[in-house]
Amino acid sequence: MKENQGIKVKGQLRGYLTWPLWISLFVLFGNAAAFLVDVRAGGVMLPFTALYLAAAVWLWVYSRRRVLGGLVEFSAEYAWIQKQLLSNMELPYGLVDEDGRLVWTNQAFQEVLSQEKGGGKNLLSLFPEVTRTDLAVETETARVHTSYGGSRYQMDLQPLYVTGSEEEENEALIGPQKLIAVYLFDETEILHYRQQITDEKMVAGLIYLDNYDEALESVEEVRRSLLTALIDRKINKYIGSMDGVVKKLEKDKYFFTIKQKYMEQLQEERFPILEEVKAVNIGNEMSVTLSIGIGMNGDSYSQNYDYARTSIDMALGRGGDQAVVKDGSRIQYYGGKAQQLEKATRVKARVKAHALRELMETKDRILIMGHKMSDIDSFGSAIGIYRIATSLNKKSHIVINEVTSSVQPMMNRFLENPEYPDDLFLKGPQAAELVDNNTMLVVVDVNRPSITDAPELLKMVKTIVVLDHHRQSSEIITNAVLSYVEPYASSACEMVAEVLQYIADGIKIKSAEADAMYAGIVIDTTNFTNQTGVRTFEAAAYLRRSGADVTRVRKMFRDDMKEYKARAATIISAEVFRDCFSIGVCPAEGLQSPTIVGAQAANELLEIKGIKASVVLTPYHDVVYLSARSIDEVNVQVMMEQLGGGGHRSIAGAQLKDVTVEEARRRVKEVIDQMLQKGDIS
């Protein structure tokens, strides 16, 4: 049986009570020393020594009890005061066990939970934002932002360990008991003020009319001023409804500013001004479309304006008829459903051609690069740039790491031809060894740095030129000194064919080169049935006059039996989703370039009645490649962008890593459903 133990005197208090006894020893030694020096002096000192010893013993024996009694009384009063302070503390404070059950709460915490009835309250049920992981903290304080009863709180969870005395026999078995201290800091008001500050921030925006001149030409001259006035009125009314300010910079350009609190409404409504302006019709054959660029949450007003400039450039580069919002580093796209109209004028092509020639003339070596797993459009446009560089007496090389089955037959015509140098085609590491200050890099058929054939060259070469027909995404080649991106073009080969006609006089294109470029146009337009305009046929006619042979190209790109059967299997396995979307899976076994076969199958699925868009999934080397195609109703580029890809309005793709085919199919269906809900698909 354990004996009752009294209160032990420890620490500084024990030293305070025993110090007179220790000093008594020094007094005794001093009295003894006095006797040795002089007996009379020792005798005189002896009564004082005895009196001091008696006082010291009395303090230890009698005063200690009084001191201890006073300390016990003080500690009891202090504990009561401490309890009252905790109970009456304005900060909500409580204790919970490891399962989240409330053990004790002060009055402020009880007031917070005043609406909650019944006992056995649990922190996990009261505050859903709190998880068992937060309760499992061992040493550090966990912080959770939560809400309750219309207020928002910052909750700090701090672990506490309650241990028994050292003599307890079960201590080794039970271990320290864990409690968690809960602090609630009401941040409702401060968050409200922060939101007010955010709402009052300035948002800078730019509005450009995409086809202002073309639309005016399609209406009678006496009605042109009326058309302009109606568009001005709609834009001013739209911005004015949000207490904004709009200023017309040029005949087809506007600057506006609004408060940031209206942005959520604009994004939810998906910028209805895009459709309102297109609805303006006073006899004009062509609808007017807008491009909107908005910048917000920059460090300054000027940075917001820079964001707006970046956004409007991206909106125009993606084909117009859409709004682009740059919120810091995040970029969001809205609209973009209208078909991009082809520009009848070639002024831009001529200007870009002259700028390209001036850059080439200052360099000694030209490197030409397309995208990964190069297709015939990428290869043909690279061949066209090679011809331009050669005509300017510049040493040039085409960077291509992996040759696909679709490119190999055309590439063999150059490898086996003695008119072309042995180092015409180089791999990425070989090209990197040739880079110096007099090297220029021309990127064709791609404007995303991550999917170029050799991304490391973009960091090594200072002078970079981009020629592409795909719509721009948030990932662009930022250090290009010349960028020629035209989404209306059918192919990169069409753009290069136009540049060839303006860059210099008397350039002679050889038949193999004309075949490669002509093949690029044929493949990307699916035999001139997709994204084909007047300038497409003009470029094809130019190449035909230069020696392109239609029959030779057709024979070169016939399928072998394995590819044909794989394409047929893809079509057989295709399912129709939401009555108008075809989703199929292309088998990759035994195929040299299964992604090419998948793209061909996606094209063929569009020939089925009622199909607005097709998506073919091709598993290859632990990656699921997506090929998306449409005719006119669906913007598959927007669809693929939501899956991390991109491309053109009617031809796009994406790559999904570390996913199964079924998971990729599910994600495609989710994106389609989201687009249907948002109205991105008519």
# chains A, B, ... in the order shown; residues from 1 in each chain; ligands from 1
>>> select_by_dssp(residues="range 97-326 of chain A", states="alpha helix (DSSP H)", output="PyMOL selection string")
chain A and resi 107-112+123-126+132-135+171-174+188-199+212-217+224-240+263-269+273-278+301-317
>>> residues_around(residues="range 557-561 of chain A", least_positions_apart="3", cutoff="12 Å", atoms="only C-alpha atoms", output="ChimeraX atom specification")
/A:375-376,405-410,515-516,519-520,522-523,527,550-554,564-568,590-593,596-597,600
>>> closest_residue(among="A:His470, A:Lys462, A:His371, A:Lys555", to="Ser450 in chain A", atoms="only C-alpha atoms")
A:His371
>>> residues_around(residues="Gly644 in chain A", least_positions_apart="6", cutoff="12 Å", atoms="only C-alpha atoms", output="PDB file with all heavy atoms, in the first residue's frame")
ATOM      1  N   ARG A 448       4.784  25.927 -79.185  1.00  0.00           N
ATOM      2  CA  ARG A 448       4.924  25.558 -77.770  1.00  0.00           C
ATOM      3  C   ARG A 448       6.308  24.967 -77.551  1.00  0.00           C
ATOM      4  O   ARG A 448       6.665  23.951 -78.160  1.00  0.00           O
ATOM      5  CB  ARG A 448       3.855  24.555 -77.359  1.00  0.00           C
ATOM      6  CG  ARG A 448       2.441  25.106 -77.443  1.00  0.00           C
ATOM      7  CD  ARG A 448       1.408  24.056 -77.073  1.00  0.00           C
ATOM      8  NE  ARG A 448       1.623  23.564 -75.721  1.00  0.00           N
ATOM      9  CZ  ARG A 448       0.920  22.563 -75.189  1.00  0.00           C
ATOM     10  NH1 ARG A 448       0.005  21.944 -75.907  1.00  0.00           N
ATOM     11  NH2 ARG A 448       1.158  22.173 -73.956  1.00  0.00           N
ATOM     12  N   SER A 450       7.671  23.204 -75.235  1.00  0.00           N
ATOM     13  CA  SER A 450       7.807  21.883 -74.628  1.00  0.00           C
ATOM     14  C   SER A 450       7.683  20.748 -75.636  1.00  0.00           C
ATOM     15  O   SER A 450       8.155  19.636 -75.376  1.00  0.00           O
ATOM     16  CB  SER A 450       6.766  21.706 -73.524  1.00  0.00           C
ATOM     17  OG  SER A 450       5.457  21.795 -74.044  1.00  0.00           O
ATOM     18  N   ILE A 451       7.035  20.992 -76.780  1.00  0.00           N
ATOM     19  CA  ILE A 451       6.845  19.898 -77.746  1.00  0.00           C
ATOM     20  C   ILE A 451       7.678  20.101 -79.008  1.00  0.00           C
ATOM     21  O   ILE A 451       7.447  19.439 -80.017  1.00  0.00           O
ATOM     22  CB  ILE A 451       5.351  19.721 -78.105  1.00  0.00           C
ATOM     23  CG1 ILE A 451       4.770  20.997 -78.718  1.00  0.00           C
ATOM     24  CG2 ILE A 451       4.549  19.304 -76.899  1.00  0.00           C
ATOM     25  CD1 ILE A 451       3.332  20.827 -79.199  1.00  0.00           C
ATOM     26  N   SER A 473      -1.254  29.122 -77.202  1.00  0.00           N
ATOM     27  CA  SER A 473      -1.736  28.806 -75.861  1.00  0.00           C
ATOM     28  C   SER A 473      -0.946  29.645 -74.872  1.00  0.00           C
ATOM     29  O   SER A 473      -0.171  30.532 -75.249  1.00  0.00           O
ATOM     30  CB  SER A 473      -1.546  27.311 -75.580  1.00  0.00           C
ATOM     31  OG  SER A 473      -0.165  26.988 -75.548  1.00  0.00           O
ATOM     32  N   SER A 474      -1.141  29.377 -73.582  1.00  0.00           N
ATOM     33  CA  SER A 474      -0.413  30.137 -72.562  1.00  0.00           C
ATOM     34  C   SER A 474       1.073  29.815 -72.582  1.00  0.00           C
ATOM     35  O   SER A 474       1.890  30.583 -72.084  1.00  0.00           O
ATOM     36  CB  SER A 474      -0.985  29.836 -71.171  1.00  0.00           C
ATOM     37  OG  SER A 474      -0.965  28.439 -70.921  1.00  0.00           O
ATOM     38  N   GLU A 475       1.439  28.673 -73.189  1.00  0.00           N
ATOM     39  CA  GLU A 475       2.853  28.303 -73.306  1.00  0.00           C
ATOM     40  C   GLU A 475       3.340  28.693 -74.696  1.00  0.00           C
ATOM     41  O   GLU A 475       2.955  28.083 -75.688  1.00  0.00           O
ATOM     42  CB  GLU A 475       3.026  26.794 -73.089  1.00  0.00           C
ATOM     43  CG  GLU A 475       4.485  26.350 -73.133  1.00  0.00           C
ATOM     44  CD  GLU A 475       4.625  24.843 -73.226  1.00  0.00           C
ATOM     45  OE1 GLU A 475       3.595  24.164 -73.358  1.00  0.00           O
ATOM     46  OE2 GLU A 475       5.765  24.359 -73.194  1.00  0.00           O
ATOM     47  N   TYR A 625      -1.964   9.224 -76.407  1.00  0.00           N
ATOM     48  CA  TYR A 625      -2.013  10.352 -77.336  1.00  0.00           C
ATOM     49  C   TYR A 625      -3.462  10.565 -77.778  1.00  0.00           C
ATOM     50  O   TYR A 625      -4.155   9.617 -78.156  1.00  0.00           O
ATOM     51  CB  TYR A 625      -1.130  10.085 -78.554  1.00  0.00           C
ATOM     52  CG  TYR A 625       0.349  10.054 -78.242  1.00  0.00           C
ATOM     53  CD1 TYR A 625       0.958   8.889 -77.801  1.00  0.00           C
ATOM     54  CD2 TYR A 625       1.140  11.193 -78.379  1.00  0.00           C
ATOM     55  CE1 TYR A 625       2.312   8.847 -77.498  1.00  0.00           C
ATOM     56  CE2 TYR A 625       2.498  11.167 -78.089  1.00  0.00           C
ATOM     57  CZ  TYR A 625       3.072   9.999 -77.656  1.00  0.00           C
ATOM     58  OH  TYR A 625       4.418   9.973 -77.362  1.00  0.00           O
ATOM     59  N   LEU A 626      -3.905  11.816 -77.731  1.00  0.00           N
ATOM     60  CA  LEU A 626      -5.259  12.168 -78.141  1.00  0.00           C
ATOM     61  C   LEU A 626      -5.205  12.930 -79.461  1.00  0.00           C
ATOM     62  O   LEU A 626      -4.466  13.909 -79.590  1.00  0.00           O
ATOM     63  CB  LEU A 626      -5.949  13.037 -77.086  1.00  0.00           C
ATOM     64  CG  LEU A 626      -5.982  12.504 -75.645  1.00  0.00           C
ATOM     65  CD1 LEU A 626      -6.737  13.480 -74.749  1.00  0.00           C
ATOM     66  CD2 LEU A 626      -6.627  11.139 -75.592  1.00  0.00           C
ATOM     67  N   GLN A 637      -9.607  22.686 -80.198  1.00  0.00           N
ATOM     68  CA  GLN A 637      -8.416  23.214 -79.541  1.00  0.00           C
ATOM     69  C   GLN A 637      -8.710  23.565 -78.092  1.00  0.00           C
ATOM     70  O   GLN A 637      -7.939  23.244 -77.195  1.00  0.00           O
ATOM     71  CB  GLN A 637      -7.907  24.465 -80.272  1.00  0.00           C
ATOM     72  CG  GLN A 637      -6.597  24.968 -79.691  1.00  0.00           C
ATOM     73  CD  GLN A 637      -6.530  26.473 -79.659  1.00  0.00           C
ATOM     74  OE1 GLN A 637      -7.507  27.148 -79.928  1.00  0.00           O
ATOM     75  NE2 GLN A 637      -5.393  27.010 -79.313  1.00  0.00           N
ATOM     76  N   VAL A 638      -9.864  24.200 -77.843  1.00  0.00           N
ATOM     77  CA  VAL A 638     -10.258  24.523 -76.474  1.00  0.00           C
ATOM     78  C   VAL A 638     -10.431  23.243 -75.664  1.00  0.00           C
ATOM     79  O   VAL A 638     -10.054  23.166 -74.494  1.00  0.00           O
ATOM     80  CB  VAL A 638     -11.563  25.348 -76.478  1.00  0.00           C
ATOM     81  CG1 VAL A 638     -12.053  25.589 -75.060  1.00  0.00           C
ATOM     82  CG2 VAL A 638     -11.350  26.675 -77.196  1.00  0.00           C
ATOM     83  N   ALA A 652      -6.608  19.226 -83.311  1.00  0.00           N
ATOM     84  CA  ALA A 652      -5.885  19.452 -82.057  1.00  0.00           C
ATOM     85  C   ALA A 652      -5.510  18.111 -81.453  1.00  0.00           C
ATOM     86  O   ALA A 652      -5.943  17.045 -81.909  1.00  0.00           O
ATOM     87  CB  ALA A 652      -6.739  20.272 -81.084  1.00  0.00           C
ATOM     88  N   GLY A 653      -4.696  18.164 -80.428  1.00  0.00           N
ATOM     89  CA  GLY A 653      -4.260  16.935 -79.766  1.00  0.00           C
ATOM     90  C   GLY A 653      -3.727  17.211 -78.386  1.00  0.00           C
ATOM     91  O   GLY A 653      -3.550  18.360 -77.971  1.00  0.00           O
ATOM     92  N   ALA A 654      -3.488  16.125 -77.650  1.00  0.00           N
ATOM     93  CA  ALA A 654      -2.943  16.239 -76.297  1.00  0.00           C
ATOM     94  C   ALA A 654      -2.254  14.924 -75.959  1.00  0.00           C
ATOM     95  O   ALA A 654      -2.449  13.902 -76.637  1.00  0.00           O
ATOM     96  CB  ALA A 654      -4.042  16.558 -75.287  1.00  0.00           C
ATOM     97  N   GLN A 655      -1.449  14.961 -74.898  1.00  0.00           N
ATOM     98  CA  GLN A 655      -0.745  13.779 -74.430  1.00  0.00           C
ATOM     99  C   GLN A 655      -0.993  13.633 -72.935  1.00  0.00           C
ATOM    100  O   GLN A 655      -0.764  14.577 -72.174  1.00  0.00           O
ATOM    101  CB  GLN A 655       0.757  13.885 -74.707  1.00  0.00           C
ATOM    102  CG  GLN A 655       1.115  14.044 -76.168  1.00  0.00           C
ATOM    103  CD  GLN A 655       2.597  14.267 -76.391  1.00  0.00           C
ATOM    104  OE1 GLN A 655       3.404  14.063 -75.486  1.00  0.00           O
ATOM    105  NE2 GLN A 655       2.970  14.679 -77.599  1.00  0.00           N
ATOM    106  N   LEU A 656      -1.455  12.466 -72.520  1.00  0.00           N
ATOM    107  CA  LEU A 656      -1.731  12.191 -71.109  1.00  0.00           C
ATOM    108  C   LEU A 656      -0.769  11.110 -70.633  1.00  0.00           C
ATOM    109  O   LEU A 656      -0.776   9.989 -71.138  1.00  0.00           O
ATOM    110  CB  LEU A 656      -3.175  11.735 -70.916  1.00  0.00           C
ATOM    111  CG  LEU A 656      -4.270  12.719 -71.370  1.00  0.00           C
ATOM    112  CD1 LEU A 656      -5.645  12.126 -71.127  1.00  0.00           C
ATOM    113  CD2 LEU A 656      -4.127  14.043 -70.641  1.00  0.00           C
ATOM    114  N   LYS A 657       0.062  11.456 -69.666  1.00  0.00           N
ATOM    115  CA  LYS A 657       1.051  10.519 -69.141  1.00  0.00           C
ATOM    116  C   LYS A 657       0.519   9.852 -67.867  1.00  0.00           C
ATOM    117  O   LYS A 657      -0.250  10.437 -67.119  1.00  0.00           O
ATOM    118  CB  LYS A 657       2.370  11.229 -68.848  1.00  0.00           C
ATOM    119  CG  LYS A 657       3.024  11.839 -70.079  1.00  0.00           C
ATOM    120  CD  LYS A 657       4.334  12.526 -69.709  1.00  0.00           C
ATOM    121  CE  LYS A 657       4.997  13.128 -70.946  1.00  0.00           C
ATOM    122  NZ  LYS A 657       6.252  13.828 -70.616  1.00  0.00           N
ATOM    123  N   ARG A 667     -11.778  11.236 -68.809  1.00  0.00           N
ATOM    124  CA  ARG A 667     -11.428  12.659 -68.747  1.00  0.00           C
ATOM    125  C   ARG A 667     -11.907  13.398 -69.990  1.00  0.00           C
ATOM    126  O   ARG A 667     -12.336  14.546 -69.915  1.00  0.00           O
ATOM    127  CB  ARG A 667      -9.915  12.805 -68.563  1.00  0.00           C
ATOM    128  CG  ARG A 667      -9.448  12.361 -67.192  1.00  0.00           C
ATOM    129  CD  ARG A 667      -7.944  12.402 -67.033  1.00  0.00           C
ATOM    130  NE  ARG A 667      -7.416  13.745 -67.159  1.00  0.00           N
ATOM    131  CZ  ARG A 667      -6.130  14.047 -67.019  1.00  0.00           C
ATOM    132  NH1 ARG A 667      -5.251  13.094 -66.734  1.00  0.00           N
ATOM    133  NH2 ARG A 667      -5.712  15.283 -67.145  1.00  0.00           N
ATOM    134  N   VAL A 668     -11.846  12.751 -71.150  1.00  0.00           N
ATOM    135  CA  VAL A 668     -12.360  13.375 -72.374  1.00  0.00           C
ATOM    136  C   VAL A 668     -13.860  13.619 -72.247  1.00  0.00           C
ATOM    137  O   VAL A 668     -14.371  14.695 -72.604  1.00  0.00           O
ATOM    138  CB  VAL A 668     -12.050  12.487 -73.603  1.00  0.00           C
ATOM    139  CG1 VAL A 668     -12.797  12.991 -74.831  1.00  0.00           C
ATOM    140  CG2 VAL A 668     -10.548  12.468 -73.882  1.00  0.00           C
ATOM    141  N   VAL A 671     -14.599  16.612 -70.004  1.00  0.00           N
ATOM    142  CA  VAL A 671     -14.366  17.892 -70.683  1.00  0.00           C
ATOM    143  C   VAL A 671     -15.514  18.212 -71.635  1.00  0.00           C
ATOM    144  O   VAL A 671     -15.977  19.357 -71.713  1.00  0.00           O
ATOM    145  CB  VAL A 671     -13.017  17.859 -71.429  1.00  0.00           C
ATOM    146  CG1 VAL A 671     -12.876  19.075 -72.339  1.00  0.00           C
ATOM    147  CG2 VAL A 671     -11.862  17.827 -70.440  1.00  0.00           C
TER     148      VAL A 671
END
>>> closest_residue(among="A:Arg471, A:Tyr518, A:Leu230, A:Ile385", to="Val636 in chain A", atoms="only C-alpha atoms")
A:Arg471
>>> residues_around(residues="Tyr208 in chain A", least_positions_apart="4", cutoff="12 Å", atoms="only C-alpha atoms", output="ChimeraX atom specification")
/A:212,231-232,235,248-256,274,277,288-294,308-309,311-313,315-316,320-323
>>> write_last_selection(atoms="N, CA and C atoms", output="mmCIF file, in the first residue's frame")
data_model
loop_
_atom_site.group_PDB
_atom_site.id
_atom_site.type_symbol
_atom_site.label_atom_id
_atom_site.label_comp_id
_atom_site.auth_asym_id
_atom_site.auth_seq_id
_atom_site.Cartn_x
_atom_site.Cartn_y
_atom_site.Cartn_z
ATOM 1 N N TYR A 212 -12.849 44.547 -88.721
ATOM 2 C CA TYR A 212 -13.521 45.843 -88.882
ATOM 3 C C TYR A 212 -13.579 46.256 -90.356
ATOM 4 N N ILE A 231 -21.951 49.555 -82.928
ATOM 5 C CA ILE A 231 -20.917 48.796 -82.207
ATOM 6 C C ILE A 231 -20.385 49.620 -81.047
ATOM 7 N N ASP A 232 -20.109 50.916 -81.278
ATOM 8 C CA ASP A 232 -19.641 51.792 -80.199
ATOM 9 C C ASP A 232 -20.647 51.827 -79.053
ATOM 10 N N ILE A 235 -20.615 48.562 -76.978
ATOM 11 C CA ILE A 235 -19.421 48.448 -76.137
ATOM 12 C C ILE A 235 -19.499 49.428 -74.970
ATOM 13 N N LYS A 248 -12.066 55.062 -76.792
ATOM 14 C CA LYS A 248 -11.760 54.572 -78.132
ATOM 15 C C LYS A 248 -10.390 55.077 -78.535
ATOM 16 N N LEU A 249 -9.454 54.138 -78.758
ATOM 17 C CA LEU A 249 -8.089 54.508 -79.110
ATOM 18 C C LEU A 249 -7.941 54.728 -80.609
ATOM 19 N N GLU A 250 -8.483 53.802 -81.384
ATOM 20 C CA GLU A 250 -8.457 53.899 -82.840
ATOM 21 C C GLU A 250 -9.820 53.489 -83.360
ATOM 22 N N LYS A 251 -9.979 53.445 -84.652
ATOM 23 C CA LYS A 251 -11.284 53.110 -85.228
ATOM 24 C C LYS A 251 -11.757 51.718 -84.826
ATOM 25 N N ASP A 252 -10.826 50.814 -84.518
ATOM 26 C CA ASP A 252 -11.209 49.444 -84.184
ATOM 27 C C ASP A 252 -10.575 48.962 -82.880
ATOM 28 N N LYS A 253 -10.148 49.900 -82.029
ATOM 29 C CA LYS A 253 -9.490 49.520 -80.780
ATOM 30 C C LYS A 253 -10.048 50.368 -79.627
ATOM 31 N N TYR A 254 -10.291 49.707 -78.475
ATOM 32 C CA TYR A 254 -10.835 50.373 -77.299
ATOM 33 C C TYR A 254 -10.015 49.972 -76.074
ATOM 34 N N PHE A 255 -9.897 50.923 -75.157
ATOM 35 C CA PHE A 255 -9.312 50.638 -73.842
ATOM 36 C C PHE A 255 -10.396 50.854 -72.799
ATOM 37 N N PHE A 256 -10.480 49.965 -71.806
ATOM 38 C CA PHE A 256 -11.471 50.142 -70.748
ATOM 39 C C PHE A 256 -10.879 49.718 -69.408
ATOM 40 N N LEU A 274 -19.443 39.378 -76.680
ATOM 41 C CA LEU A 274 -18.928 38.712 -77.880
ATOM 42 C C LEU A 274 -20.067 38.356 -78.834
ATOM 43 N N VAL A 277 -22.268 41.783 -80.137
ATOM 44 C CA VAL A 277 -21.716 42.529 -81.273
ATOM 45 C C VAL A 277 -21.885 41.739 -82.567
ATOM 46 N N VAL A 288 -19.453 41.217 -87.281
ATOM 47 C CA VAL A 288 -18.273 41.787 -86.618
ATOM 48 C C VAL A 288 -17.963 40.946 -85.385
ATOM 49 N N THR A 289 -16.709 40.597 -85.208
ATOM 50 C CA THR A 289 -16.292 39.829 -84.035
ATOM 51 C C THR A 289 -15.293 40.643 -83.221
ATOM 52 N N LEU A 290 -15.261 40.344 -81.919
ATOM 53 C CA LEU A 290 -14.387 41.069 -80.993
ATOM 54 C C LEU A 290 -13.315 40.152 -80.444
ATOM 55 N N SER A 291 -12.217 40.760 -80.030
ATOM 56 C CA SER A 291 -11.218 40.100 -79.193
ATOM 57 C C SER A 291 -11.041 40.967 -77.952
ATOM 58 N N ILE A 292 -11.055 40.347 -76.781
ATOM 59 C CA ILE A 292 -10.947 41.070 -75.516
ATOM 60 C C ILE A 292 -9.741 40.535 -74.763
ATOM 61 N N GLY A 293 -8.909 41.450 -74.279
ATOM 62 C CA GLY A 293 -7.773 41.084 -73.438
ATOM 63 C C GLY A 293 -7.857 41.812 -72.119
ATOM 64 N N ILE A 294 -7.774 41.084 -71.012
ATOM 65 C CA ILE A 294 -7.927 41.665 -69.679
ATOM 66 C C ILE A 294 -6.740 41.271 -68.820
ATOM 67 N N ALA A 308 -2.914 43.027 -70.003
ATOM 68 C CA ALA A 308 -3.980 43.175 -70.999
ATOM 69 C C ALA A 308 -3.407 43.107 -72.413
ATOM 70 N N ARG A 309 -2.250 43.728 -72.629
ATOM 71 C CA ARG A 309 -1.610 43.663 -73.951
ATOM 72 C C ARG A 309 -1.248 42.219 -74.304
ATOM 73 N N SER A 311 -2.709 39.562 -73.144
ATOM 74 C CA SER A 311 -3.963 38.827 -73.352
ATOM 75 C C SER A 311 -4.541 39.089 -74.736
ATOM 76 N N ILE A 312 -4.542 40.348 -75.180
ATOM 77 C CA ILE A 312 -5.127 40.656 -76.484
ATOM 78 C C ILE A 312 -4.285 40.049 -77.605
ATOM 79 N N ASP A 313 -2.964 40.007 -77.414
ATOM 80 C CA ASP A 313 -2.107 39.355 -78.412
ATOM 81 C C ASP A 313 -2.428 37.870 -78.515
ATOM 82 N N ALA A 315 -5.334 36.487 -77.708
ATOM 83 C CA ALA A 315 -6.670 36.346 -78.291
ATOM 84 C C ALA A 315 -6.609 36.451 -79.810
ATOM 85 N N LEU A 316 -5.825 37.416 -80.319
ATOM 86 C CA LEU A 316 -5.680 37.570 -81.769
ATOM 87 C C LEU A 316 -4.911 36.401 -82.364
ATOM 88 N N GLY A 320 -9.066 35.202 -82.682
ATOM 89 C CA GLY A 320 -10.061 36.222 -82.381
ATOM 90 C C GLY A 320 -11.385 35.645 -81.918
ATOM 91 N N ASP A 321 -12.381 36.540 -81.774
ATOM 92 C CA ASP A 321 -13.720 36.177 -81.308
ATOM 93 C C ASP A 321 -13.658 35.480 -79.953
ATOM 94 N N GLN A 322 -12.860 36.002 -79.050
ATOM 95 C CA GLN A 322 -12.746 35.404 -77.733
ATOM 96 C C GLN A 322 -12.167 36.406 -76.749
ATOM 97 N N ALA A 323 -12.316 36.070 -75.472
ATOM 98 C CA ALA A 323 -11.754 36.887 -74.399
ATOM 99 C C ALA A 323 -10.673 36.086 -73.698
#
